[in-house]
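Before any comments, here is the structure.
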Amino acid sequence: MEKVEQLITEEIDSYVLNLAEREDGSESISGESIQIAPVFNGEVEELLNGQNGFAWVVTLFKHDNLELAKVVTFDEDALDSQIDQLNCMQASEQREPVDATVSAYTADGYSLVPADYGTTIENTFKKAVEDSILVLADELDLDEADCYVKPEIEDDNEKLLAVIDEMNSYVGTTITYDFDVAKEVLDGERISEWISVDDDLNLVVDEEGVLSFVKELASEYNTCYKPKELKTSYGSTVTISNGPYGWKINNSEEVAQILDDLKAGKKVEREPVYAQTANSHGENDYGNSYVEINLTAQHLWYYKDGKLTMESDIVSGYPSKSRNTPGGVYKLWYKEKGKTLRGSADGQSYASYVDYWNNVSTIGIGLHDASWQNGNFGGERYKSSTWGSHGCINMPLDKAKYVYEKIDMGTP
């Protein structure tokens, strides 16, 4: 037994624990530096007699192993000192872990930016060293023993990988807007400006950014209230700078549609969601079917598919602040048969029955018959406070009926 104990002591005297560190680092702690010593307490004799009570392995001979209930003792203060002196424990050698995250957008979309696992030592390191020494282990691999602080979000984080897939679906969407005379494409490059990931790894869409894009489209392609040129029936060209007629994108509904398209992750071609539409895209949104009213000439023309179909003398509003007919581009808003027009102007109230009411604006201006004109239309009749209208376009009965029956709603 004494021979065996002597061999164990000699083995322990030369003991070294090798530390396998990250980034090819390696260090060691010698048994001598921590005053390591064997602990027998009768275990060797018991093992030699019974070969039982196995706990830790100590290699003594080339082919024979003995396991002792307790192998060694060491000076804990000396071990603390040795640990404190290790390179891996120095602040200058420790790098904080960095979470895995999402890459910046590229032409290929988004990808995983792997975590930087760093070299910051975990509090469990000392215990792992002690446990290794107690069993006379040759090596302690710090990674395998979980001796490093881990990033909170690792490369295999399921939620992170899922949100990357979701983001790639979003930027894989393309929306091609068809404006007839032009097309605009919304693609991943612009979409990437709107999407991000919050602290809980949820995809966030900047709806204000989407709205800004829609407003850019509206600024480019909305035509309502924008000046329009008209080649008049007299041959001259005039610019009409007032009136709500024209294309108008519905900003809020278009934002909602974009968000739906992004969630679907598909390639779509469509028109934007309009609040109102016009006859045509291009230079003249009123197209070639429209009613032209010349307030100076007190005359009206109706063109259908570019051909003059009907014309009439009229009486427009008396040129005062409250009765003047507003110039501009409007559209046939709604029609009503048999209506009493009521209102007041210049301090006087009125109630006038008409057979055919053709409203062309939201402020009560319309084209209608006017029996009180006694068949007299055109000329300078409108300049008379007696015969000038309250802003509407007075027409002969048959012409007002024609508008009511023949001219489509929405006609400019």
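Lettering and numbering for the structure tokens are positional, with chains as A, B, ... in the shown order, residues counted from 1 in each chain, and ligands counted from 1 in the shown order.
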### Task
Pick out each residue of stretch 148-350 of chain A that DSSP on the backbone tags as strand (DSSP E or B); I need them as a PyMOL selection string.
chain A and resi 148+174-178+183-186+195-197+203-205+228-231+237-240+248-249+267-270+274-276+290-294+299-304+307-313+315+317+334-345+348-350
Write out as a PDB file with N, CA, C and O atoms, in the first residue's frame the residues lying within 7 Å of A:Thr223, counting only C-alpha atoms and excluding same-chain residues fewer than 5 positions away.
ATOM      1  N   GLY A 246     -60.184  65.734 -61.403  1.00  0.00           N
ATOM      2  CA  GLY A 246     -58.898  65.114 -61.695  1.00  0.00           C
ATOM      3  C   GLY A 246     -58.640  63.890 -60.839  1.00  0.00           C
ATOM      4  O   GLY A 246     -59.457  63.482 -60.013  1.00  0.00           O
ATOM      5  N   TRP A 247     -57.485  63.301 -61.049  1.00  0.00           N
ATOM      6  CA  TRP A 247     -57.070  62.120 -60.292  1.00  0.00           C
ATOM      7  C   TRP A 247     -56.640  62.534 -58.888  1.00  0.00           C
ATOM      8  O   TRP A 247     -55.963  63.539 -58.700  1.00  0.00           O
ATOM      9  N   LYS A 248     -57.026  61.736 -57.918  1.00  0.00           N
ATOM     10  CA  LYS A 248     -56.610  61.996 -56.538  1.00  0.00           C
ATOM     11  C   LYS A 248     -56.457  60.669 -55.804  1.00  0.00           C
ATOM     12  O   LYS A 248     -57.416  59.912 -55.648  1.00  0.00           O
TER      13      LYS A 248
END
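Here atom CA of A:Gln82 stands at a distance of 9.4 Å from atom CA of A:Ser28.
Minimum atom-to-atom distance to A:Asp165, evaluated using only C-alpha atoms, belongs to A:Ser111 out of A:Ser111, A:Thr239, A:Thr386, A:Ser320.
Residues in contact with A:Ser132 at up to 12 Å, not including ones fewer than 3 positions away on its chain and judged by only C-alpha atoms, are A:Tyr15, A:Val16, A:Leu17, A:Asn18, A:Leu19, A:Ile29, A:Gly31, A:Trp56, A:Val57, A:Val71, A:Val72, A:Phe125, A:Lys126, A:Lys127, A:Ala128, A:Val129, A:Val135, A:Leu136, A:Ala137, A:Asp138, A:Glu139, A:Leu140, A:Asp141, A:Leu142, A:Ala145.
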Per-residue DSSP, stretch 98-293 of chain A, filtered to helix (DSSP H, G or I), as an mmCIF file with N, CA, C and O atoms, in the first residue's frame:
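To be explicit, this is the file written out as selection.cif:
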data_model
loop_
_atom_site.group_PDB
_atom_site.id
_atom_site.type_symbol
_atom_site.label_atom_id
_atom_site.label_comp_id
_atom_site.auth_asym_id
_atom_site.auth_seq_id
_atom_site.Cartn_x
_atom_site.Cartn_y
_atom_site.Cartn_z
ATOM 1 N N PHE A 125 -16.371 29.837 -13.859
ATOM 2 C CA PHE A 125 -15.036 29.388 -14.249
ATOM 3 C C PHE A 125 -14.271 28.777 -13.078
ATOM 4 O O PHE A 125 -13.677 27.703 -13.194
ATOM 5 N N LYS A 126 -14.275 29.448 -11.937
ATOM 6 C CA LYS A 126 -13.486 28.961 -10.808
ATOM 7 C C LYS A 126 -13.922 27.555 -10.387
ATOM 8 O O LYS A 126 -13.088 26.682 -10.135
ATOM 9 N N LYS A 127 -15.246 27.346 -10.321
ATOM 10 C CA LYS A 127 -15.721 26.024 -9.907
ATOM 11 C C LYS A 127 -15.314 24.951 -10.912
ATOM 12 O O LYS A 127 -14.969 23.828 -10.540
ATOM 13 N N ALA A 128 -15.351 25.301 -12.210
ATOM 14 C CA ALA A 128 -14.941 24.340 -13.219
ATOM 15 C C ALA A 128 -13.476 23.961 -13.054
ATOM 16 O O ALA A 128 -13.086 22.804 -13.230
ATOM 17 N N VAL A 129 -12.630 24.953 -12.682
ATOM 18 C CA VAL A 129 -11.211 24.688 -12.436
ATOM 19 C C VAL A 129 -11.063 23.777 -11.232
ATOM 20 O O VAL A 129 -10.315 22.786 -11.252
ATOM 21 N N GLU A 130 -11.767 24.113 -10.150
ATOM 22 C CA GLU A 130 -11.668 23.302 -8.929
ATOM 23 C C GLU A 130 -12.086 21.859 -9.186
ATOM 24 O O GLU A 130 -11.421 20.914 -8.751
ATOM 25 N N ASP A 131 -13.225 21.696 -9.904
ATOM 26 C CA ASP A 131 -13.702 20.341 -10.181
ATOM 27 C C ASP A 131 -12.691 19.555 -11.012
ATOM 28 O O ASP A 131 -12.497 18.349 -10.802
ATOM 29 N N SER A 132 -12.037 20.239 -11.951
ATOM 30 C CA SER A 132 -11.032 19.562 -12.776
ATOM 31 C C SER A 132 -9.830 19.137 -11.957
ATOM 32 O O SER A 132 -9.286 18.036 -12.137
ATOM 33 N N ILE A 133 -9.389 20.010 -11.054
ATOM 34 C CA ILE A 133 -8.217 19.703 -10.214
ATOM 35 C C ILE A 133 -8.526 18.547 -9.281
ATOM 36 O O ILE A 133 -7.692 17.651 -9.071
ATOM 37 N N LEU A 134 -9.721 18.537 -8.704
ATOM 38 C CA LEU A 134 -10.081 17.496 -7.747
ATOM 39 C C LEU A 134 -10.044 16.104 -8.360
ATOM 40 O O LEU A 134 -9.841 15.107 -7.660
ATOM 41 N N GLU A 158 -34.604 31.087 -32.823
ATOM 42 C CA GLU A 158 -35.684 30.823 -33.770
ATOM 43 C C GLU A 158 -36.448 32.095 -34.134
ATOM 44 O O GLU A 158 -36.844 32.283 -35.291
ATOM 45 N N LYS A 159 -36.645 32.968 -33.166
ATOM 46 C CA LYS A 159 -37.410 34.190 -33.443
ATOM 47 C C LYS A 159 -36.623 35.121 -34.363
ATOM 48 O O LYS A 159 -37.190 35.755 -35.253
ATOM 49 N N LEU A 160 -35.310 35.185 -34.168
ATOM 50 C CA LEU A 160 -34.478 36.008 -35.033
ATOM 51 C C LEU A 160 -34.498 35.473 -36.462
ATOM 52 O O LEU A 160 -34.667 36.227 -37.427
ATOM 53 N N LEU A 161 -34.344 34.171 -36.615
ATOM 54 C CA LEU A 161 -34.341 33.577 -37.947
ATOM 55 C C LEU A 161 -35.694 33.774 -38.635
ATOM 56 O O LEU A 161 -35.765 34.012 -39.844
ATOM 57 N N ALA A 162 -36.767 33.716 -37.837
ATOM 58 C CA ALA A 162 -38.110 33.901 -38.405
ATOM 59 C C ALA A 162 -38.315 35.329 -38.879
ATOM 60 O O ALA A 162 -38.901 35.566 -39.944
ATOM 61 N N VAL A 163 -37.842 36.307 -38.105
ATOM 62 C CA VAL A 163 -38.056 37.702 -38.507
ATOM 63 C C VAL A 163 -37.200 38.050 -39.728
ATOM 64 O O VAL A 163 -37.596 38.877 -40.560
ATOM 65 N N ILE A 164 -36.044 37.411 -39.867
ATOM 66 C CA ILE A 164 -35.239 37.623 -41.082
ATOM 67 C C ILE A 164 -36.006 37.112 -42.302
ATOM 68 O O ILE A 164 -36.050 37.776 -43.342
ATOM 69 N N ASP A 165 -36.633 35.942 -42.162
ATOM 70 C CA ASP A 165 -37.440 35.412 -43.273
ATOM 71 C C ASP A 165 -38.593 36.357 -43.592
ATOM 72 O O ASP A 165 -38.918 36.594 -44.763
ATOM 73 N N GLU A 166 -39.206 36.905 -42.550
ATOM 74 C CA GLU A 166 -40.342 37.817 -42.752
ATOM 75 C C GLU A 166 -39.884 39.091 -43.461
ATOM 76 O O GLU A 166 -40.556 39.586 -44.376
ATOM 77 N N MET A 167 -38.744 39.618 -43.056
ATOM 78 C CA MET A 167 -38.220 40.826 -43.690
ATOM 79 C C MET A 167 -37.895 40.577 -45.159
ATOM 80 O O MET A 167 -38.151 41.422 -46.026
ATOM 81 N N ASN A 168 -37.350 39.409 -45.452
ATOM 82 C CA ASN A 168 -37.034 39.079 -46.845
ATOM 83 C C ASN A 168 -38.301 38.931 -47.684
ATOM 84 O O ASN A 168 -38.300 39.240 -48.880
ATOM 85 N N SER A 169 -39.368 38.465 -47.039
ATOM 86 C CA SER A 169 -40.647 38.400 -47.746
ATOM 87 C C SER A 169 -41.133 39.807 -48.089
ATOM 88 O O SER A 169 -41.620 40.064 -49.198
ATOM 89 N N TYR A 170 -40.985 40.719 -47.148
ATOM 90 C CA TYR A 170 -41.423 42.101 -47.380
ATOM 91 C C TYR A 170 -40.639 42.740 -48.521
ATOM 92 O O TYR A 170 -41.223 43.327 -49.435
ATOM 93 N N VAL A 171 -39.310 42.639 -48.463
ATOM 94 C CA VAL A 171 -38.512 43.304 -49.506
ATOM 95 C C VAL A 171 -38.558 42.548 -50.822
ATOM 96 O O VAL A 171 -38.125 43.070 -51.855
ATOM 97 N N GLY A 188 -37.833 46.454 -53.158
ATOM 98 C CA GLY A 188 -37.178 46.209 -51.871
ATOM 99 C C GLY A 188 -36.309 47.342 -51.385
ATOM 100 O O GLY A 188 -36.187 47.561 -50.176
ATOM 101 N N GLU A 189 -35.672 48.050 -52.305
ATOM 102 C CA GLU A 189 -34.774 49.119 -51.883
ATOM 103 C C GLU A 189 -35.520 50.188 -51.088
ATOM 104 O O GLU A 189 -35.034 50.645 -50.059
ATOM 105 N N ARG A 190 -36.708 50.570 -51.551
ATOM 106 C CA ARG A 190 -37.498 51.561 -50.815
ATOM 107 C C ARG A 190 -38.179 50.927 -49.607
ATOM 108 O O ARG A 190 -38.230 51.516 -48.525
ATOM 109 N N ILE A 191 -38.682 49.726 -49.789
ATOM 110 C CA ILE A 191 -39.367 49.042 -48.687
ATOM 111 C C ILE A 191 -38.433 48.851 -47.499
ATOM 112 O O ILE A 191 -38.840 48.956 -46.338
ATOM 113 N N GLU A 207 -45.033 53.271 -40.765
ATOM 114 C CA GLU A 207 -46.167 53.657 -41.589
ATOM 115 C C GLU A 207 -46.058 55.098 -42.057
ATOM 116 O O GLU A 207 -46.607 55.462 -43.101
ATOM 117 N N GLU A 208 -45.369 55.933 -41.294
ATOM 118 C CA GLU A 208 -45.149 57.309 -41.740
ATOM 119 C C GLU A 208 -44.274 57.322 -42.997
ATOM 120 O O GLU A 208 -44.452 58.153 -43.887
ATOM 121 N N GLY A 209 -43.311 56.398 -43.045
ATOM 122 C CA GLY A 209 -42.484 56.279 -44.237
ATOM 123 C C GLY A 209 -43.301 55.837 -45.443
ATOM 124 O O GLY A 209 -43.095 56.324 -46.565
ATOM 125 N N VAL A 210 -44.230 54.894 -45.221
ATOM 126 C CA VAL A 210 -45.116 54.456 -46.301
ATOM 127 C C VAL A 210 -45.968 55.628 -46.783
ATOM 128 O O VAL A 210 -46.136 55.854 -47.982
ATOM 129 N N LEU A 211 -46.497 56.383 -45.813
ATOM 130 C CA LEU A 211 -47.326 57.541 -46.168
ATOM 131 C C LEU A 211 -46.528 58.567 -46.957
ATOM 132 O O LEU A 211 -47.036 59.161 -47.917
ATOM 133 N N SER A 212 -45.284 58.772 -46.576
ATOM 134 C CA SER A 212 -44.437 59.712 -47.309
ATOM 135 C C SER A 212 -44.289 59.286 -48.770
ATOM 136 O O SER A 212 -44.327 60.126 -49.688
ATOM 137 N N PHE A 213 -44.121 57.980 -48.987
ATOM 138 C CA PHE A 213 -44.024 57.467 -50.358
ATOM 139 C C PHE A 213 -45.316 57.718 -51.125
ATOM 140 O O PHE A 213 -45.286 58.147 -52.288
ATOM 141 N N VAL A 214 -46.453 57.450 -50.476
ATOM 142 C CA VAL A 214 -47.747 57.656 -51.142
ATOM 143 C C VAL A 214 -47.933 59.128 -51.502
ATOM 144 O O VAL A 214 -48.431 59.471 -52.580
ATOM 145 N N LYS A 215 -47.501 60.011 -50.609
ATOM 146 C CA LYS A 215 -47.608 61.445 -50.896
ATOM 147 C C LYS A 215 -46.728 61.840 -52.080
ATOM 148 O O LYS A 215 -47.083 62.746 -52.838
ATOM 149 N N GLU A 216 -45.597 61.169 -52.234
ATOM 150 C CA GLU A 216 -44.747 61.434 -53.401
ATOM 151 C C GLU A 216 -45.470 61.037 -54.694
ATOM 152 O O GLU A 216 -45.425 61.772 -55.687
ATOM 153 N N LEU A 217 -46.121 59.868 -54.656
ATOM 154 C CA LEU A 217 -46.912 59.457 -55.818
ATOM 155 C C LEU A 217 -48.011 60.476 -56.100
ATOM 156 O O LEU A 217 -48.244 60.857 -57.255
ATOM 157 N N ALA A 218 -48.683 60.896 -55.030
ATOM 158 C CA ALA A 218 -49.789 61.844 -55.196
ATOM 159 C C ALA A 218 -49.300 63.159 -55.778
ATOM 160 O O ALA A 218 -49.945 63.747 -56.651
ATOM 161 N N SER A 219 -48.158 63.623 -55.311
ATOM 162 C CA SER A 219 -47.605 64.873 -55.817
ATOM 163 C C SER A 219 -47.291 64.775 -57.307
ATOM 164 O O SER A 219 -47.465 65.745 -58.059
ATOM 165 N N GLU A 220 -46.857 63.591 -57.723
ATOM 166 C CA GLU A 220 -46.481 63.396 -59.124
ATOM 167 C C GLU A 220 -47.695 63.164 -60.028
ATOM 168 O O GLU A 220 -47.745 63.670 -61.154
ATOM 169 N N TYR A 221 -48.696 62.411 -59.521
ATOM 170 C CA TYR A 221 -49.755 61.947 -60.415
ATOM 171 C C TYR A 221 -51.147 62.483 -60.099
ATOM 172 O O TYR A 221 -52.060 62.311 -60.918
ATOM 173 N N ASN A 251 -54.813 58.670 -49.843
ATOM 174 C CA ASN A 251 -53.555 58.382 -49.142
ATOM 175 C C ASN A 251 -53.692 57.285 -48.096
ATOM 176 O O ASN A 251 -52.901 56.336 -48.052
ATOM 177 N N SER A 252 -54.677 57.398 -47.218
ATOM 178 C CA SER A 252 -54.789 56.441 -46.114
ATOM 179 C C SER A 252 -55.118 55.035 -46.619
ATOM 180 O O SER A 252 -54.569 54.043 -46.127
ATOM 181 N N GLU A 253 -56.005 54.946 -47.624
ATOM 182 C CA GLU A 253 -56.366 53.623 -48.131
ATOM 183 C C GLU A 253 -55.230 53.001 -48.950
ATOM 184 O O GLU A 253 -55.060 51.789 -48.955
ATOM 185 N N GLU A 254 -54.457 53.851 -49.615
ATOM 186 C CA GLU A 254 -53.312 53.323 -50.360
ATOM 187 C C GLU A 254 -52.237 52.808 -49.397
ATOM 188 O O GLU A 254 -51.612 51.772 -49.642
ATOM 189 N N VAL A 255 -52.034 53.505 -48.281
ATOM 190 C CA VAL A 255 -51.099 53.012 -47.264
ATOM 191 C C VAL A 255 -51.549 51.643 -46.773
ATOM 192 O O VAL A 255 -50.747 50.703 -46.666
ATOM 193 N N ALA A 256 -52.847 51.516 -46.475
ATOM 194 C CA ALA A 256 -53.373 50.228 -45.994
ATOM 195 C C ALA A 256 -53.186 49.135 -47.042
ATOM 196 O O ALA A 256 -52.847 47.990 -46.707
ATOM 197 N N GLN A 257 -53.369 49.468 -48.317
ATOM 198 C CA GLN A 257 -53.208 48.470 -49.375
ATOM 199 C C GLN A 257 -51.748 48.050 -49.508
ATOM 200 O O GLN A 257 -51.446 46.869 -49.718
ATOM 201 N N ILE A 258 -50.843 49.010 -49.392
ATOM 202 C CA ILE A 258 -49.413 48.672 -49.443
ATOM 203 C C ILE A 258 -49.059 47.714 -48.309
ATOM 204 O O ILE A 258 -48.347 46.718 -48.507
ATOM 205 N N LEU A 259 -49.547 48.002 -47.115
ATOM 206 C CA LEU A 259 -49.252 47.136 -45.964
ATOM 207 C C LEU A 259 -49.778 45.721 -46.205
ATOM 208 O O LEU A 259 -49.112 44.735 -45.876
ATOM 209 N N ASP A 260 -50.958 45.607 -46.793
ATOM 210 C CA ASP A 260 -51.502 44.286 -47.124
ATOM 211 C C ASP A 260 -50.631 43.586 -48.169
ATOM 212 O O ASP A 260 -50.363 42.385 -48.069
ATOM 213 N N ASP A 261 -50.191 44.349 -49.171
ATOM 214 C CA ASP A 261 -49.334 43.761 -50.206
ATOM 215 C C ASP A 261 -48.013 43.279 -49.628
ATOM 216 O O ASP A 261 -47.490 42.224 -50.016
ATOM 217 N N LEU A 262 -47.459 44.052 -48.698
ATOM 218 C CA LEU A 262 -46.188 43.664 -48.080
ATOM 219 C C LEU A 262 -46.346 42.378 -47.275
ATOM 220 O O LEU A 262 -45.479 41.499 -47.304
ATOM 221 N N LYS A 263 -47.452 42.257 -46.552
ATOM 222 C CA LYS A 263 -47.685 41.049 -45.759
ATOM 223 C C LYS A 263 -47.839 39.826 -46.660
ATOM 224 O O LYS A 263 -47.423 38.726 -46.303
ATOM 225 N N ALA A 264 -48.443 40.049 -47.833
ATOM 226 C CA ALA A 264 -48.623 38.932 -48.773
ATOM 227 C C ALA A 264 -47.308 38.542 -49.437
ATOM 228 O O ALA A 264 -47.121 37.393 -49.835
#
### Query
If you count only C-alpha atoms, which residues fall within 8 Å of A:Ser196, apart from same-chain ones fewer than 3 positions away, as a PyMOL selection string?
chain A and resi 203-205
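The closest residue to A:Glu76, picked from A:Val181, A:Val102, A:Ile36, A:Ile195 and counting only C-alpha atoms, is A:Ile36.
When only C-alpha atoms are used to compute distances to A:Gly327, the closest of the residues A:Ala351, A:Ile240, A:Met310, A:Ile365 turns out to be A:Ile240.
The protein and nucleic acid residues lying at most 10 Å from A:Gly25 are Leu19, Ala20, Asn87 and Cys88 of chain A, with only C-alpha atoms considered and sequence neighbours fewer than 5 positions away removed.
Comparing A:Thr176, A:Ser316, A:Gln90, A:Asn288 by their smallest distance to A:Ser384, the closest is A:Ser316 (using only C-alpha atoms).
Neighbouring residues of A:Ala400 at 7 Å or closer, counting only C-alpha atoms and skipping chain neighbours under 2 positions away, are A:Tyr356, A:Leu367, A:His368, A:Asp369, A:Met395, A:Pro396, A:Leu397, A:Asp398, A:Tyr402, A:Val403, A:Tyr404.
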Okay, now the selection with C-alpha atoms, as an mmCIF file, in the first residue's frame?
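And here's result.cif as it stands now:
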data_model
loop_
_atom_site.group_PDB
_atom_site.id
_atom_site.type_symbol
_atom_site.label_atom_id
_atom_site.label_comp_id
_atom_site.auth_asym_id
_atom_site.auth_seq_id
_atom_site.Cartn_x
_atom_site.Cartn_y
_atom_site.Cartn_z
ATOM 1 C CA TYR A 356 -83.839 68.700 -64.513
ATOM 2 C CA LEU A 367 -76.907 72.882 -64.938
ATOM 3 C CA HIS A 368 -80.708 73.144 -65.056
ATOM 4 C CA ASP A 369 -83.689 74.440 -66.950
ATOM 5 C CA MET A 395 -80.385 76.325 -69.924
ATOM 6 C CA PRO A 396 -83.391 75.810 -72.180
ATOM 7 C CA LEU A 397 -85.607 72.924 -71.026
ATOM 8 C CA ASP A 398 -84.654 70.571 -73.872
ATOM 9 C CA TYR A 402 -80.391 66.299 -72.716
ATOM 10 C CA VAL A 403 -77.806 66.717 -69.950
ATOM 11 C CA TYR A 404 -79.994 64.755 -67.568
#
#### Entry: Two-atom distance - atom CA of A:Tyr382, atom CA of A:Val315 (Å)
5.3 Å
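Put simply, atom CA of A:Glu122 is 21.8 Å away from atom CA of A:Ser30.
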